[in-house]
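First comes the structure, then the notes that go with it.
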Amino acid sequence: MPAKVGDEDPTFWADAIAAQVEGPQVVNDSKTPSGTVHVGSLRGVVLHDAIRRALHDRGTEARFLYGVDDMDPMDAQAHLSGDAVAEWMGVPLFRVPAPEGSDAASYARHFVGRLFLSTFAPLGVAPETYWMSECYADGRMDPYIRLTLDRADRVRAIYLEVSRVAKANDWLAISVICQTCGRIGTTLATDWDGQTVAYVCRADLVEWAVGCGASGRVSPFGGRAKLKWNADWAAKWSLLGVTIEGCGKDLATAGGSRDRSDAIAREVFQREPPLDIPYEFLTIGGRKMSTSRGLGATAHQMTELMPPELLRFLFLRHKPRRALEFDPAGDAIPGLFDEFDRIASATAGQPVRGELPPAPERIFRMSLVQEDADPATEGARFRPPFRHLTLLVQVPGTDMEARFSAEKGEPLDALEDDILARRTVVARAWLDGFAPDRYLVAVRAALPVEAADLDAGQRAYLSALADAAQAERPAAGDVWQDLIFRTAQSLGTASGDAFTALYLAFLGRPNGPRAGWLLASLDAAFVGARLREAAAPTAAPVPATAG
RNA sequence: GGGCCGCUAGCUCAAUGGUAGAGCAGCUGACUCUUAAUCAGCUGGUUGAAGGUUCGAGUCCUUCGCGGCUCACCA
């Protein structure tokens, strides 16, 4: 049965949140498009989507909005070069041009509109998106600008009381766009007279941009100015009627941004702020993920690599306040597949080993891209174990479909073929770019020292195999495999010992991919020589140390 | 200086205040076309430390330690 109203389980965090609210809900999240968006930014997206789904499952009416703060000033140099830094730093993002080669209308439209928002649909996330530059330009923010300026002393008091930040007596929570140079990050506004504010575009207001020195008076309405971050946030809540909005821990700290915005919402806009869901970041090796650390950490790249349900699962399986350790270069990705498959099986009613997290079927269902998919049906699909796949893709000529059909016990259906194909791509990309060495199967150029562990029986076996290969000249993998077994039989060597001998001789490890196909992929003369070399009684030096 | 999160097996993590568990890794065994698969089993812990509350604490309270993030500049 497809998921339906009544499926919710309060032990799943999103259901617990949904149970706290009454009446129609507006879930909101937003993003400042100032730099490259890393995969951790998807946590907020998936989290809010999960809450929306949980509300839906409860029968609660809910919308999901996603805003782009493209009125914010450009403050990151990552994607600017040379002259562009001086020219565009401090300019509102909706006016900064897209990078060369992009036909997007602005920097913001390129990095967030094209690269980031395009990751949403594959993840099964479909919010109503809005652009703050438009909300300002069409005047919808004007009432909140007026309130903020009329109650400027109250706003300053909030900064002082909540965050112990003392603003100057004439400070206003607004940034105007300089009429001369077009920057918004470098202007300081004062003296609200009910119609206009005075401003100065200062060279030294912020470290990251240089203002032009112009000054004047300007009306702050109709897109000529933007509320400062905290007022802007609170104004959005009123404008859009937001009732639920989580935020990252950087904003959620006591006396931090969220507290200030909450206070502004209550005291300036007379509205209770939305329910907060503070959430933790993604970490690599205990450190906050950043695009400068490690490959493929951007949201765009990671959504191309990972199947979407796995990425959803990554964020949904743990509570929001838990930091997620996710190092693509470690065991995180294989581990994620393993755990996903286990929970999929459990959801399908199949027996699984070990204990399950609370509400596994909810986690699984929420991980599926299709909201109305039937979890039991999806969970029952055959999924090739990822670690096994990482091995098989390293053996030339492996017929994956045949291998996994055999493992499943019947032919894969079309959807299972898709899962296999997708995982195969992931396995290859992961091995190429991330995987620890121990996942890599490499035929050693010289006889591995580990071959010293071979016993007399194994050496005899390798010698006999070399003779047999010389006589029969096997070429195909299955012919090699047959020869491996026949030779073992004829010598009375246990097949396990035979395979171990081969792996040690070629890979320097006691196990590996299907030996016949492995040998078939190598040069025949090399194989013969290596077999005889490993078979020699003094085959390899004894390793200097045992440990 | 303030705040938040975390500290449980080698690693990643579970456990409405009620017998500390799992996955992966590791080890042992089984397996003739299966050989990093699959199957069976095993090892593995003073739950960061010390107090306190409780019949009972991984869980609640206090203090401390360690790690990380974060605010105090901007968004």
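Please note that chains go A, B, ... in the order of the structure tokens, that every chain numbers its residues from 1, and that ligands are numbered from 1 in the order shown.
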
Give the residues of chain B that lie within 12 Å of chain A; count only C-alpha atoms (C1' of nucleotides), and format the answer as a compact mmCIF listing (two decimals) with N, CA, C and O atoms (P, O5', C5', C4', C3', O3' and C1' of nucleotides), in the first residue's frame.
# COMPACT_ATOMS: atom_id res chain seq x y z
P G B 2 32.22 32.13 29.72
O5' G B 2 31.05 32.46 28.71
C5' G B 2 29.99 33.33 29.08
C4' G B 2 29.01 33.47 27.95
C3' G B 2 28.40 32.18 27.44
O3' G B 2 27.36 31.68 28.26
C1' G B 2 29.05 33.51 25.61
P G B 3 27.14 30.10 28.39
O5' G B 3 26.51 29.74 26.98
C5' G B 3 25.27 30.30 26.58
C4' G B 3 24.99 29.95 25.15
C3' G B 3 24.95 28.47 24.84
O3' G B 3 23.72 27.88 25.20
C1' G B 3 26.22 29.58 23.19
P C B 4 23.64 26.35 25.60
O5' C B 4 23.75 25.63 24.18
C5' C B 4 22.78 25.85 23.17
C4' C B 4 23.21 25.20 21.89
C3' C B 4 23.58 23.73 22.01
O3' C B 4 22.45 22.89 22.02
C1' C B 4 25.24 24.85 20.76
P C B 5 22.49 21.53 22.83
O5' C B 5 23.37 20.63 21.86
C5' C B 5 22.94 20.37 20.54
C4' C B 5 24.04 19.69 19.76
C3' C B 5 24.66 18.47 20.42
O3' C B 5 23.84 17.32 20.28
C1' C B 5 26.37 19.84 19.55
P G B 6 23.85 16.24 21.44
O5' G B 6 25.27 15.54 21.24
C5' G B 6 25.54 14.85 20.04
C4' G B 6 27.02 14.60 19.89
C3' G B 6 27.67 13.73 20.94
O3' G B 6 27.42 12.37 20.71
C1' G B 6 29.05 15.60 20.48
P C B 11 37.81 3.96 16.80
O5' C B 11 37.08 3.96 15.37
C5' C B 11 37.73 4.48 14.22
C4' C B 11 36.79 4.38 13.04
C3' C B 11 35.44 5.03 13.24
O3' C B 11 35.47 6.42 12.94
C1' C B 11 35.13 2.83 12.42
P U B 12 34.38 7.38 13.62
O5' U B 12 33.02 6.89 12.94
C5' U B 12 32.76 7.18 11.57
C4' U B 12 31.37 6.70 11.22
C3' U B 12 30.26 7.17 12.14
O3' U B 12 29.84 8.49 11.82
C1' U B 12 30.01 4.85 11.74
P C B 13 29.04 9.34 12.91
O5' C B 13 27.70 8.49 13.04
C5' C B 13 27.01 8.41 14.26
C4' C B 13 26.10 7.22 14.19
C3' C B 13 25.11 7.07 15.34
O3' C B 13 23.95 7.87 15.12
C1' C B 13 26.13 4.98 14.90
P A B 14 23.06 8.33 16.34
O5' A B 14 22.04 7.12 16.50
C5' A B 14 22.40 6.01 17.24
C4' A B 14 21.33 4.96 17.16
C3' A B 14 20.41 4.93 18.37
O3' A B 14 19.28 5.74 18.16
C1' A B 14 21.39 2.81 18.07
P A B 15 18.42 6.27 19.41
O5' A B 15 18.02 4.89 20.09
C5' A B 15 17.15 4.88 21.20
C4' A B 15 17.29 3.59 21.96
C3' A B 15 17.40 3.79 23.49
O3' A B 15 16.12 3.87 24.11
C1' A B 15 19.16 2.42 22.74
P U B 16 15.31 5.21 23.68
O5' U B 16 14.51 5.65 25.01
C5' U B 16 13.23 5.12 25.25
C4' U B 16 12.23 6.23 25.35
C3' U B 16 12.18 6.88 26.74
O3' U B 16 13.16 7.92 26.87
C1' U B 16 10.02 6.24 26.10
P G B 21 23.18 -6.28 25.31
O5' G B 21 22.76 -6.33 23.79
C5' G B 21 23.69 -6.07 22.79
C4' G B 21 23.00 -5.38 21.65
C3' G B 21 23.78 -5.41 20.34
O3' G B 21 23.60 -6.63 19.65
C1' G B 21 23.07 -3.22 20.78
P A B 22 24.69 -7.14 18.64
O5' A B 22 24.36 -6.28 17.35
C5' A B 22 23.07 -6.36 16.76
C4' A B 22 22.92 -5.30 15.70
C3' A B 22 23.97 -5.33 14.61
O3' A B 22 23.67 -6.29 13.62
C1' A B 22 23.68 -3.11 15.37
P G B 23 24.81 -6.94 12.76
O5' G B 23 25.19 -5.78 11.75
C5' G B 23 24.25 -5.32 10.77
C4' G B 23 24.82 -4.13 10.06
C3' G B 23 26.22 -4.32 9.50
O3' G B 23 26.20 -4.96 8.23
C1' G B 23 26.15 -2.31 10.70
P C B 24 27.25 -6.05 7.87
O5' C B 24 28.58 -5.18 7.71
C5' C B 24 28.70 -4.26 6.65
C4' C B 24 29.87 -3.33 6.87
C3' C B 24 31.22 -4.01 7.13
O3' C B 24 31.83 -4.46 5.94
C1' C B 24 30.90 -2.30 8.70
P A B 25 32.72 -5.76 5.99
O5' A B 25 33.94 -5.29 6.91
C5' A B 25 34.84 -4.31 6.44
C4' A B 25 35.85 -4.00 7.52
C3' A B 25 36.62 -5.20 8.06
O3' A B 25 37.69 -5.57 7.21
C1' A B 25 35.85 -3.90 9.86
P A B 30 36.40 -25.47 7.06
O5' A B 30 34.91 -25.30 6.52
C5' A B 30 33.88 -26.14 6.99
C4' A B 30 32.58 -25.82 6.28
C3' A B 30 32.67 -25.83 4.76
O3' A B 30 32.59 -27.14 4.24
C1' A B 30 31.49 -23.91 5.49
P C B 31 33.53 -27.55 3.02
O5' C B 31 32.84 -26.78 1.81
C5' C B 31 31.45 -26.96 1.56
C4' C B 31 30.99 -25.89 0.62
C3' C B 31 31.86 -25.70 -0.61
O3' C B 31 31.53 -26.66 -1.60
C1' C B 31 31.30 -23.59 0.30
P U B 32 32.68 -27.42 -2.45
O5' U B 32 32.29 -26.93 -3.91
C5' U B 32 32.62 -25.63 -4.37
C4' U B 32 32.96 -25.76 -5.83
C3' U B 32 31.81 -26.34 -6.65
O3' U B 32 31.34 -25.31 -7.50
C1' U B 32 33.87 -27.49 -7.08
P C B 33 29.91 -24.84 -7.42
O5' C B 33 30.21 -23.68 -8.46
C5' C B 33 31.24 -22.74 -8.21
C4' C B 33 31.83 -22.28 -9.51
C3' C B 33 30.77 -22.22 -10.63
O3' C B 33 30.29 -20.89 -10.70
C1' C B 33 32.82 -23.24 -11.37
P U B 34 29.56 -19.85 -10.73
O5' U B 34 30.02 -19.36 -9.29
C5' U B 34 29.30 -18.26 -8.71
C4' U B 34 29.79 -18.03 -7.32
C3' U B 34 31.28 -17.70 -7.22
O3' U B 34 31.41 -16.30 -7.20
C1' U B 34 30.48 -19.09 -5.43
P U B 35 32.74 -15.69 -7.63
O5' U B 35 33.62 -15.82 -6.32
C5' U B 35 33.49 -14.88 -5.24
C4' U B 35 34.54 -15.21 -4.21
C3' U B 35 35.95 -14.85 -4.64
O3' U B 35 36.46 -13.99 -3.65
C1' U B 35 35.84 -17.05 -3.78
P A B 36 36.53 -12.45 -3.78
O5' A B 36 35.51 -11.99 -2.65
C5' A B 36 35.64 -12.44 -1.33
C4' A B 36 35.36 -11.27 -0.41
C3' A B 36 34.07 -10.54 -0.76
O3' A B 36 33.49 -10.04 0.44
C1' A B 36 35.86 -9.06 -0.90
P A B 37 32.37 -10.88 1.11
O5' A B 37 31.39 -11.21 -0.10
C5' A B 37 30.80 -10.14 -0.83
C4' A B 37 29.79 -10.74 -1.78
C3' A B 37 28.69 -11.56 -1.10
O3' A B 37 27.62 -10.74 -0.71
C1' A B 37 29.65 -12.82 -2.86
P U B 38 27.00 -10.93 0.73
O5' U B 38 26.54 -12.45 0.74
C5' U B 38 25.50 -12.87 -0.13
C4' U B 38 25.30 -14.35 0.02
C3' U B 38 25.20 -14.83 1.46
O3' U B 38 23.90 -14.64 1.99
C1' U B 38 26.69 -16.23 0.28
P G B 67 41.18 19.44 22.48
O5' G B 67 40.07 19.00 21.43
C5' G B 67 40.26 17.83 20.66
C4' G B 67 39.04 17.54 19.83
C3' G B 67 38.48 18.72 19.05
O3' G B 67 39.23 18.99 17.88
C1' G B 67 36.71 17.57 20.09
P G B 68 39.36 20.50 17.37
O5' G B 68 37.91 20.77 16.77
C5' G B 68 37.46 20.00 15.68
C4' G B 68 35.99 20.16 15.49
C3' G B 68 35.49 21.56 15.26
O3' G B 68 35.74 22.02 13.94
C1' G B 68 34.05 20.46 16.76
P C B 69 35.95 23.56 13.67
O5' C B 69 34.45 24.11 13.72
C5' C B 69 33.48 23.59 12.83
C4' C B 69 32.11 23.99 13.29
C3' C B 69 31.88 25.48 13.45
O3' C B 69 31.63 26.13 12.22
C1' C B 69 31.01 24.36 15.33
P U B 70 32.12 27.62 12.01
O5' U B 70 31.18 28.41 13.00
C5' U B 70 29.77 28.42 12.80
C4' U B 70 29.07 29.02 13.98
C3' U B 70 29.44 30.45 14.31
O3' U B 70 28.73 31.36 13.48
C1' U B 70 29.42 29.16 16.29
P C B 71 29.31 32.79 13.19
O5' C B 71 28.83 33.60 14.47
C5' C B 71 27.46 33.74 14.76
C4' C B 71 27.29 34.45 16.07
C3' C B 71 28.08 35.75 16.20
O3' C B 71 27.36 36.83 15.63
C1' C B 71 28.41 34.43 18.13
P A B 72 28.15 37.95 14.83
O5' A B 72 28.90 38.72 16.00
C5' A B 72 28.13 39.38 16.99
C4' A B 72 29.01 39.82 18.13
C3' A B 72 30.26 40.59 17.74
O3' A B 72 29.93 41.92 17.43
C1' A B 72 30.74 39.03 19.47
P C B 73 30.96 42.91 16.76
O5' C B 73 30.94 42.75 15.18
C5' C B 73 31.44 43.87 14.44
C4' C B 73 31.73 43.56 13.03
C3' C B 73 30.58 43.11 12.14
O3' C B 73 29.77 44.20 11.73
C1' C B 73 32.57 41.91 11.64
P C B 74 28.24 43.99 11.31
O5' C B 74 28.37 43.16 9.95
C5' C B 74 28.75 43.80 8.74
C4' C B 74 28.75 42.79 7.63
C3' C B 74 27.41 42.13 7.37
O3' C B 74 26.61 42.91 6.50
C1' C B 74 29.10 40.46 7.51
P A B 75 25.02 42.81 6.63
O5' A B 75 24.73 41.37 6.04
C5' A B 75 24.68 41.16 4.63
C4' A B 75 24.67 39.68 4.36
C3' A B 75 23.41 38.94 4.78
O3' A B 75 22.37 39.04 3.82
C1' A B 75 25.30 37.77 5.56

Shell around A:Met89 at 9 Å using only C-alpha atoms (C1' of nucleotides), local window under 2 positions removed, as a VMD selection string: chain A and resid 73 to 77 80 84 to 87 91 to 92 96 183 185 208 to 210

What separates atom CA of A:Gly124 and atom CA of A:Pro307 is a distance of 11.5 Å

Distance query A:Ser133 at most 12 Å, only C-alpha atoms (C1' of nucleotides), self and fewer than 2 positions along chain excluded, as an mmCIF file with C-alpha atoms, in the first residue's frame:
data_model
loop_
_atom_site.group_PDB
_atom_site.id
_atom_site.type_symbol
_atom_site.label_atom_id
_atom_site.label_comp_id
_atom_site.auth_asym_id
_atom_site.auth_seq_id
_atom_site.Cartn_x
_atom_site.Cartn_y
_atom_site.Cartn_z
ATOM 1 C CA THR A 32 22.355 33.225 -0.100
ATOM 2 C CA GLY A 67 13.904 31.798 -1.287
ATOM 3 C CA VAL A 68 17.063 33.063 -2.875
ATOM 4 C CA ASP A 69 18.641 36.035 -1.135
ATOM 5 C CA ASP A 70 19.928 37.622 -4.290
ATOM 6 C CA MET A 71 19.669 41.165 -2.912
ATOM 7 C CA ASP A 72 22.605 40.332 -0.663
ATOM 8 C CA PRO A 73 25.968 41.767 -1.604
ATOM 9 C CA PRO A 92 23.880 42.902 -5.088
ATOM 10 C CA LEU A 93 24.104 39.362 -6.377
ATOM 11 C CA PHE A 94 21.202 39.764 -8.762
ATOM 12 C CA ARG A 95 23.199 42.429 -10.593
ATOM 13 C CA SER A 106 23.039 36.921 -13.065
ATOM 14 C CA ALA A 108 22.802 34.366 -8.447
ATOM 15 C CA ARG A 109 20.740 32.886 -11.255
ATOM 16 C CA TYR A 130 11.094 33.109 -4.881
ATOM 17 C CA TRP A 131 13.808 35.691 -5.391
ATOM 18 C CA CYS A 135 10.143 40.938 -3.573
ATOM 19 C CA TYR A 136 12.007 44.206 -3.007
ATOM 20 C CA ALA A 137 11.646 45.515 -6.553
ATOM 21 C CA ASP A 138 7.897 45.055 -6.730
ATOM 22 C CA GLY A 139 7.317 46.797 -3.439
ATOM 23 C CA ARG A 140 6.114 43.846 -1.386
ATOM 24 C CA MET A 141 8.838 44.490 1.173
ATOM 25 C CA ILE A 177 22.154 50.510 -3.209
ATOM 26 C CA GLY A 222 10.842 49.710 -4.483
ATOM 27 C CA GLY A 223 14.110 47.830 -4.607
ATOM 28 C CA ARG A 224 16.471 50.707 -3.883
ATOM 29 C CA ALA A 225 17.458 49.221 -0.545
ATOM 30 C CA LYS A 226 17.410 45.980 1.377
ATOM 31 C CA LEU A 227 16.768 45.347 5.036
ATOM 32 C CA ASP A 232 15.087 40.970 6.308
#

Let's see if you can do this: from backbone DSSP, list all strand (DSSP E or B) residues in stretch 76-272 of chain A, as an NGL selection string. :A and (92 or 128-131 or 174-176 or 187-190 or 197-201 or 215-218 or 225-227 or 244 or 247-248)

Given only C-alpha atoms as the basis, pick out the residue of A:Glu450, A:Asp399, A:Glu410, A:Glu100 nearest to A:Thr424. A:Asp399

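Backbone DSSP of stretch 30-62 of chain A yields alpha helix (DSSP H) at Ser41, Leu42, Arg43, Gly44, Val45, Val46, Leu47, His48, Asp49, Ala50, Ile51, Arg52, Arg53, Ala54, Leu55, His56 and Asp57 of chain A.
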
Can I get the selected residues back with all heavy atoms, as a short mmCIF file (atom, residue, chain, number, x, y, z; two decimals), in the first residue's frame?
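The new file part_2.cif reads:
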data_model
loop_
_atom_site.label_atom_id
_atom_site.label_comp_id
_atom_site.auth_asym_id
_atom_site.auth_seq_id
_atom_site.Cartn_x
_atom_site.Cartn_y
_atom_site.Cartn_z
N SER A 41 24.66 21.95 2.28
CA SER A 41 23.53 22.87 2.12
C SER A 41 22.25 22.12 1.77
O SER A 41 21.16 22.66 1.94
CB SER A 41 23.82 23.89 1.03
OG SER A 41 25.00 24.62 1.34
N LEU A 42 22.40 20.92 1.29
CA LEU A 42 21.21 20.14 0.95
C LEU A 42 20.51 19.61 2.19
O LEU A 42 19.38 19.16 2.12
CB LEU A 42 21.58 18.97 0.03
CG LEU A 42 21.93 19.37 -1.41
CD1 LEU A 42 22.49 18.17 -2.15
CD2 LEU A 42 20.71 19.91 -2.12
N ARG A 43 21.20 19.66 3.32
CA ARG A 43 20.55 19.16 4.53
C ARG A 43 19.30 19.97 4.84
O ARG A 43 18.26 19.40 5.14
CB ARG A 43 21.50 19.19 5.73
CG ARG A 43 20.85 18.58 6.96
CD ARG A 43 21.81 18.39 8.11
NE ARG A 43 21.26 17.42 9.07
CZ ARG A 43 21.90 16.93 10.11
NH1 ARG A 43 23.14 17.31 10.35
NH2 ARG A 43 21.33 16.07 10.91
N GLY A 44 19.43 21.28 4.76
CA GLY A 44 18.27 22.12 5.02
C GLY A 44 17.15 21.85 4.03
O GLY A 44 15.98 21.82 4.39
N VAL A 45 17.53 21.65 2.79
CA VAL A 45 16.54 21.42 1.75
C VAL A 45 15.77 20.13 2.02
O VAL A 45 14.53 20.10 2.01
CB VAL A 45 17.24 21.34 0.37
CG1 VAL A 45 16.24 21.01 -0.72
CG2 VAL A 45 17.97 22.65 0.07
N VAL A 46 16.51 19.06 2.26
CA VAL A 46 15.88 17.76 2.49
C VAL A 46 15.10 17.77 3.81
O VAL A 46 14.00 17.20 3.90
CB VAL A 46 16.94 16.64 2.48
CG1 VAL A 46 16.34 15.31 2.90
CG2 VAL A 46 17.57 16.52 1.09
N LEU A 47 15.66 18.43 4.81
CA LEU A 47 15.00 18.49 6.11
C LEU A 47 13.65 19.19 6.02
O LEU A 47 12.65 18.69 6.54
CB LEU A 47 15.93 19.24 7.08
CG LEU A 47 15.47 19.54 8.50
CD1 LEU A 47 16.66 19.46 9.43
CD2 LEU A 47 14.85 20.93 8.61
N HIS A 48 13.63 20.32 5.35
CA HIS A 48 12.36 21.03 5.23
C HIS A 48 11.36 20.25 4.38
O HIS A 48 10.15 20.27 4.64
CB HIS A 48 12.60 22.44 4.67
CG HIS A 48 13.22 23.38 5.66
ND1 HIS A 48 14.57 23.64 5.70
CD2 HIS A 48 12.68 24.08 6.68
CE1 HIS A 48 14.82 24.49 6.69
NE2 HIS A 48 13.70 24.77 7.31
N ASP A 49 11.88 19.59 3.36
CA ASP A 49 10.99 18.77 2.54
C ASP A 49 10.40 17.62 3.36
O ASP A 49 9.22 17.29 3.22
CB ASP A 49 11.76 18.20 1.33
CG ASP A 49 10.86 17.36 0.44
OD1 ASP A 49 9.89 17.91 -0.10
OD2 ASP A 49 11.12 16.14 0.32
N ALA A 50 11.22 17.04 4.21
CA ALA A 50 10.73 15.94 5.05
C ALA A 50 9.64 16.43 6.00
O ALA A 50 8.65 15.72 6.24
CB ALA A 50 11.89 15.34 5.84
N ILE A 51 9.82 17.63 6.52
CA ILE A 51 8.79 18.18 7.41
C ILE A 51 7.50 18.41 6.62
O ILE A 51 6.41 18.09 7.09
CB ILE A 51 9.29 19.48 8.06
CG1 ILE A 51 10.45 19.18 9.01
CG2 ILE A 51 8.16 20.19 8.80
CD1 ILE A 51 11.17 20.41 9.51
N ARG A 52 7.66 18.94 5.41
CA ARG A 52 6.47 19.14 4.58
C ARG A 52 5.77 17.80 4.32
O ARG A 52 4.55 17.68 4.39
CB ARG A 52 6.87 19.79 3.26
CG ARG A 52 5.72 20.48 2.58
CD ARG A 52 5.78 20.31 1.07
NE ARG A 52 5.14 19.07 0.69
CZ ARG A 52 5.74 18.05 0.09
NH1 ARG A 52 7.01 18.12 -0.20
NH2 ARG A 52 5.09 16.96 -0.20
N ARG A 53 6.56 16.77 4.02
CA ARG A 53 5.96 15.45 3.77
C ARG A 53 5.28 14.92 5.02
O ARG A 53 4.21 14.31 4.95
CB ARG A 53 7.03 14.47 3.30
CG ARG A 53 7.54 14.73 1.90
CD ARG A 53 8.39 13.57 1.41
NE ARG A 53 8.98 13.84 0.10
CZ ARG A 53 9.56 12.90 -0.65
NH1 ARG A 53 9.65 11.66 -0.21
NH2 ARG A 53 10.08 13.20 -1.82
N ALA A 54 5.94 15.14 6.16
CA ALA A 54 5.36 14.65 7.42
C ALA A 54 4.04 15.36 7.71
O ALA A 54 3.08 14.73 8.17
CB ALA A 54 6.36 14.87 8.56
N LEU A 55 4.00 16.65 7.43
CA LEU A 55 2.75 17.40 7.62
C LEU A 55 1.66 16.83 6.70
O LEU A 55 0.52 16.62 7.11
CB LEU A 55 2.98 18.89 7.31
CG LEU A 55 3.82 19.66 8.33
CD1 LEU A 55 4.29 20.98 7.74
CD2 LEU A 55 3.03 19.90 9.61
N HIS A 56 2.07 16.59 5.47
CA HIS A 56 1.13 16.05 4.49
C HIS A 56 0.57 14.70 4.96
O HIS A 56 -0.64 14.43 4.87
CB HIS A 56 1.85 15.90 3.15
CG HIS A 56 1.00 15.30 2.08
ND1 HIS A 56 1.05 13.96 1.76
CD2 HIS A 56 0.05 15.84 1.27
CE1 HIS A 56 0.19 13.71 0.79
NE2 HIS A 56 -0.43 14.82 0.48
N ASP A 57 1.47 13.86 5.47
CA ASP A 57 1.05 12.54 5.92
C ASP A 57 0.09 12.62 7.09
O ASP A 57 -0.65 11.68 7.39
CB ASP A 57 2.27 11.70 6.32
CG ASP A 57 3.08 11.29 5.10
OD1 ASP A 57 2.61 11.52 3.97
OD2 ASP A 57 4.19 10.76 5.28
#

A:Gly211: which residues within 7 Å, counting only C-alpha atoms (C1' of nucleotides), same-chain residues fewer than 3 positions away excluded, as a CSV table (one decimal) with C-alpha atoms, in the first residue's frame?
chain,number,residue,atom,x,y,z
A,186,THR,CA,29.4,49.4,1.4
A,201,CYS,CA,29.2,54.7,0.4
A,202,ARG,CA,32.3,54.1,2.3
A,203,ALA,CA,35.6,52.7,1.2

Minimum-distance residue to B:G45, chosen among B:C66, B:C7, B:C60, B:A20 (using only C-alpha atoms (C1' of nucleotides)): B:A20

Hey, can you check how far atom C1' of B:A40 sits from atom CA of A:Pro351? 16.2 Å

Between A:Ile333, A:Gln350, A:His300, A:Gln370, which is the closest to A:Leu431 once you count only C-alpha atoms? A:Ile333

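With atom CA of A:Asp417 on one side and atom CA of A:Ser345 on the other, the separation reads 17.7 Å.
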
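Nearest-residue note for A:Arg362: choosing from A:Asp193, A:Asp103, A:Asp453, A:Asp374, the minimum distance belongs to A:Asp374, counting only C-alpha atoms.
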